[in-house]
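Engineer: Quick one: the structure is below, and I'll ask about it shortly.
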Amino acid sequence: MYKVLVACRAGVGSSLMLKIKIQQVIKENNFPIEVEHGSLDALQGFHGDAVITLIDVAEELRRKNLKIGVIGIHNIIDRQEIKAALEQFLASKVG
């Protein structure tokens, strides 16, 4: 089981909507992913595999060379985009 943190700057609006959509995609596809939710401040105490956030925040986080994966989403209500991103994440973990 993989653990991801869904986060945005404040951890209130966009990341909460994104978390709901991610959980729908995980359930529909039986992905082995557990979801936590919070603000970017939660990254300090997060011990998981990846952070999922909006694309602009993801680009900032990638420049910080975090030790976990960073997944950026353009459209937080596009379940196809979310599914593709989660499939790519899972594929990167297999091999």
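Chain labels A, B, ... are given in the sequence in which chains occur in the structure tokens; within each chain residues are numbered consecutively from 1, and ligands are likewise numbered from 1 in the order shown.
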Set the distance at 8 Å and use only C-alpha atoms: which residues neighbour Arg79 of chain A once local chain neighbours fewer than 4 positions away are removed? I'd like the list as a PyMOL selection string.
Structural biologist: chain A and resi 21-22+25+83
Engineer: Could you pull out all residues of chain A with a DSSP call of alpha helix (DSSP H) and give them as a PyMOL selection string?
Structural biologist: chain A and resi 14-29+55-62+79-93
Engineer: List the spatial neighbours of Leu66 of chain A as number ranges by chain - criterion: any atom at most 12 Å away, only C-alpha atoms, same-chain residues fewer than 5 positions off excluded.
Structural biologist: A: 43-44, 46-51, 58-61, 71
Engineer: How about saving the chosen residues, C-alpha atoms kept, as a PDB file, in the first residue's frame?
Structural biologist:
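Output file part-v1.pdb follows:
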ATOM      1  CA  LEU A  43       5.033  17.709   4.232  1.00  0.00           C
ATOM      2  CA  GLN A  44       7.523  18.098   7.085  1.00  0.00           C
ATOM      3  CA  PHE A  46       4.748  13.183   6.212  1.00  0.00           C
ATOM      4  CA  HIS A  47       6.306   9.765   5.803  1.00  0.00           C
ATOM      5  CA  GLY A  48       4.878   8.466   2.565  1.00  0.00           C
ATOM      6  CA  ASP A  49       5.553   7.953  -1.104  1.00  0.00           C
ATOM      7  CA  ALA A  50       4.313  11.071  -2.889  1.00  0.00           C
ATOM      8  CA  VAL A  51       2.587  14.405  -2.658  1.00  0.00           C
ATOM      9  CA  ALA A  58       4.212  20.696  -7.973  1.00  0.00           C
ATOM     10  CA  GLU A  59       6.734  22.603 -10.085  1.00  0.00           C
ATOM     11  CA  GLU A  60       7.875  24.551  -7.015  1.00  0.00           C
ATOM     12  CA  LEU A  61       8.204  21.352  -4.994  1.00  0.00           C
ATOM     13  CA  ILE A  71       2.534  14.544  -8.785  1.00  0.00           C
TER      14      ILE A  71
END
Engineer: Could you pull out the strand (DSSP E) residues of chain A from DSSP and send them as an NGL selection string?
Structural biologist: :A and (2-8 or 33-39 or 50-54 or 69-73)
Engineer: Would you write out those residues with N, CA, C and O atoms, as an mmCIF file, in the first residue's frame?
Structural biologist:
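Just written: result-v2.cif:
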data_model
loop_
_atom_site.group_PDB
_atom_site.id
_atom_site.type_symbol
_atom_site.label_atom_id
_atom_site.label_comp_id
_atom_site.auth_asym_id
_atom_site.auth_seq_id
_atom_site.Cartn_x
_atom_site.Cartn_y
_atom_site.Cartn_z
ATOM 1 N N TYR A 2 0.624 2.139 -0.909
ATOM 2 C CA TYR A 2 1.370 3.391 -0.998
ATOM 3 C C TYR A 2 0.592 4.486 -0.283
ATOM 4 O O TYR A 2 -0.626 4.445 -0.232
ATOM 5 N N LYS A 3 1.337 5.450 0.234
ATOM 6 C CA LYS A 3 0.705 6.557 0.951
ATOM 7 C C LYS A 3 1.035 7.855 0.229
ATOM 8 O O LYS A 3 2.195 8.135 -0.068
ATOM 9 N N VAL A 4 -0.020 8.658 -0.050
ATOM 10 C CA VAL A 4 0.165 9.949 -0.686
ATOM 11 C C VAL A 4 -0.473 11.045 0.160
ATOM 12 O O VAL A 4 -1.442 10.807 0.866
ATOM 13 N N LEU A 5 0.101 12.214 0.071
ATOM 14 C CA LEU A 5 -0.439 13.395 0.728
ATOM 15 C C LEU A 5 -1.011 14.299 -0.352
ATOM 16 O O LEU A 5 -0.304 14.658 -1.298
ATOM 17 N N VAL A 6 -2.273 14.642 -0.243
ATOM 18 C CA VAL A 6 -2.898 15.603 -1.148
ATOM 19 C C VAL A 6 -2.830 16.947 -0.444
ATOM 20 O O VAL A 6 -3.355 17.100 0.652
ATOM 21 N N ALA A 7 -2.152 17.901 -1.064
ATOM 22 C CA ALA A 7 -1.906 19.166 -0.372
ATOM 23 C C ALA A 7 -1.983 20.347 -1.329
ATOM 24 O O ALA A 7 -1.766 20.222 -2.528
ATOM 25 N N CYS A 8 -2.282 21.501 -0.741
ATOM 26 C CA CYS A 8 -2.167 22.778 -1.434
ATOM 27 C C CYS A 8 -1.586 23.755 -0.409
ATOM 28 O O CYS A 8 -1.268 23.368 0.709
ATOM 29 N N ILE A 33 -3.496 2.623 -2.848
ATOM 30 C CA ILE A 33 -3.038 3.944 -2.411
ATOM 31 C C ILE A 33 -3.911 4.412 -1.251
ATOM 32 O O ILE A 33 -5.130 4.379 -1.331
ATOM 33 N N GLU A 34 -3.253 4.872 -0.206
ATOM 34 C CA GLU A 34 -3.914 5.479 0.954
ATOM 35 C C GLU A 34 -3.690 6.980 0.872
ATOM 36 O O GLU A 34 -2.585 7.437 0.570
ATOM 37 N N VAL A 35 -4.725 7.761 1.157
ATOM 38 C CA VAL A 35 -4.662 9.211 0.977
ATOM 39 C C VAL A 35 -4.729 9.942 2.312
ATOM 40 O O VAL A 35 -5.570 9.652 3.152
ATOM 41 N N GLU A 36 -3.804 10.882 2.489
ATOM 42 C CA GLU A 36 -3.872 11.843 3.589
ATOM 43 C C GLU A 36 -4.091 13.212 2.964
ATOM 44 O O GLU A 36 -3.826 13.413 1.782
ATOM 45 N N HIS A 37 -4.523 14.167 3.771
ATOM 46 C CA HIS A 37 -4.826 15.506 3.261
ATOM 47 C C HIS A 37 -4.266 16.551 4.208
ATOM 48 O O HIS A 37 -4.289 16.369 5.419
ATOM 49 N N GLY A 38 -3.759 17.648 3.650
ATOM 50 C CA GLY A 38 -3.275 18.732 4.489
ATOM 51 C C GLY A 38 -2.720 19.877 3.664
ATOM 52 O O GLY A 38 -2.821 19.896 2.441
ATOM 53 N N SER A 39 -2.116 20.806 4.365
ATOM 54 C CA SER A 39 -1.452 21.927 3.701
ATOM 55 C C SER A 39 -0.016 21.511 3.381
ATOM 56 O O SER A 39 0.441 20.444 3.787
ATOM 57 N N ALA A 50 4.459 9.967 -1.933
ATOM 58 C CA ALA A 50 4.313 11.071 -2.889
ATOM 59 C C ALA A 50 3.379 12.138 -2.338
ATOM 60 O O ALA A 50 2.580 11.883 -1.449
ATOM 61 N N VAL A 51 3.525 13.325 -2.917
ATOM 62 C CA VAL A 51 2.587 14.405 -2.658
ATOM 63 C C VAL A 51 1.883 14.700 -3.976
ATOM 64 O O VAL A 51 2.505 14.693 -5.038
ATOM 65 N N ILE A 52 0.565 14.895 -3.902
ATOM 66 C CA ILE A 52 -0.230 15.239 -5.082
ATOM 67 C C ILE A 52 -0.778 16.637 -4.851
ATOM 68 O O ILE A 52 -1.374 16.926 -3.817
ATOM 69 N N THR A 53 -0.563 17.502 -5.842
ATOM 70 C CA THR A 53 -0.949 18.897 -5.686
ATOM 71 C C THR A 53 -1.234 19.506 -7.057
ATOM 72 O O THR A 53 -1.147 18.828 -8.078
ATOM 73 N N LEU A 54 -1.577 20.759 -7.071
ATOM 74 C CA LEU A 54 -1.801 21.471 -8.327
ATOM 75 C C LEU A 54 -0.473 21.639 -9.056
ATOM 76 O O LEU A 54 0.588 21.697 -8.434
ATOM 77 N N GLY A 69 7.994 11.417 -4.239
ATOM 78 C CA GLY A 69 7.486 11.791 -5.551
ATOM 79 C C GLY A 69 6.581 13.005 -5.486
ATOM 80 O O GLY A 69 5.944 13.262 -4.466
ATOM 81 N N VAL A 70 6.531 13.741 -6.568
ATOM 82 C CA VAL A 70 5.664 14.915 -6.675
ATOM 83 C C VAL A 70 4.792 14.733 -7.913
ATOM 84 O O VAL A 70 5.302 14.562 -9.014
ATOM 85 N N ILE A 71 3.488 14.727 -7.695
ATOM 86 C CA ILE A 71 2.534 14.544 -8.785
ATOM 87 C C ILE A 71 1.737 15.832 -8.936
ATOM 88 O O ILE A 71 1.086 16.278 -7.996
ATOM 89 N N GLY A 72 1.804 16.433 -10.113
ATOM 90 C CA GLY A 72 1.076 17.667 -10.383
ATOM 91 C C GLY A 72 -0.161 17.403 -11.227
ATOM 92 O O GLY A 72 -0.101 16.662 -12.205
ATOM 93 N N ILE A 73 -1.266 18.005 -10.837
ATOM 94 C CA ILE A 73 -2.534 17.849 -11.544
ATOM 95 C C ILE A 73 -2.965 19.223 -12.084
ATOM 96 O O ILE A 73 -2.964 20.200 -11.348
#
Engineer: Would you mind reading off the distance between atom CA of Glu28 of chain A and atom CA of Asn75 of chain A, one decimal, in Å?
Structural biologist: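 Straight-line distance from atom CA of Glu28 of chain A to atom CA of Asn75 of chain A works out to 18.7 Å.
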Engineer: Which distance in Å separates atom CA of Asn29 of chain A and atom CA of Gly13 of chain A, to one decimal?
Structural biologist: 24.9 Å
Engineer: Please indicate the distance in Å from atom CA of Ile77 of chain A to atom CA of Met17 of chain A, rounded to one decimal place.
Structural biologist: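 These two atoms are separated by 7.6 Å.
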Engineer: Give the answer as one residue: which of A:Gln80, A:Phe89, A:Lys67, A:Ile55 has the shortest atom-to-atom distance to Ser14 of chain A, using only C-alpha atoms?
Structural biologist: A:Ile55
Engineer: Could you tell me which of A:Leu86, A:Ala42, A:Ala10, A:Ile68 comes closest to Asn30 of chain A if we count only C-alpha atoms?
Structural biologist: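 The answer is A:Leu86, which sits nearest to Asn30 of chain A.
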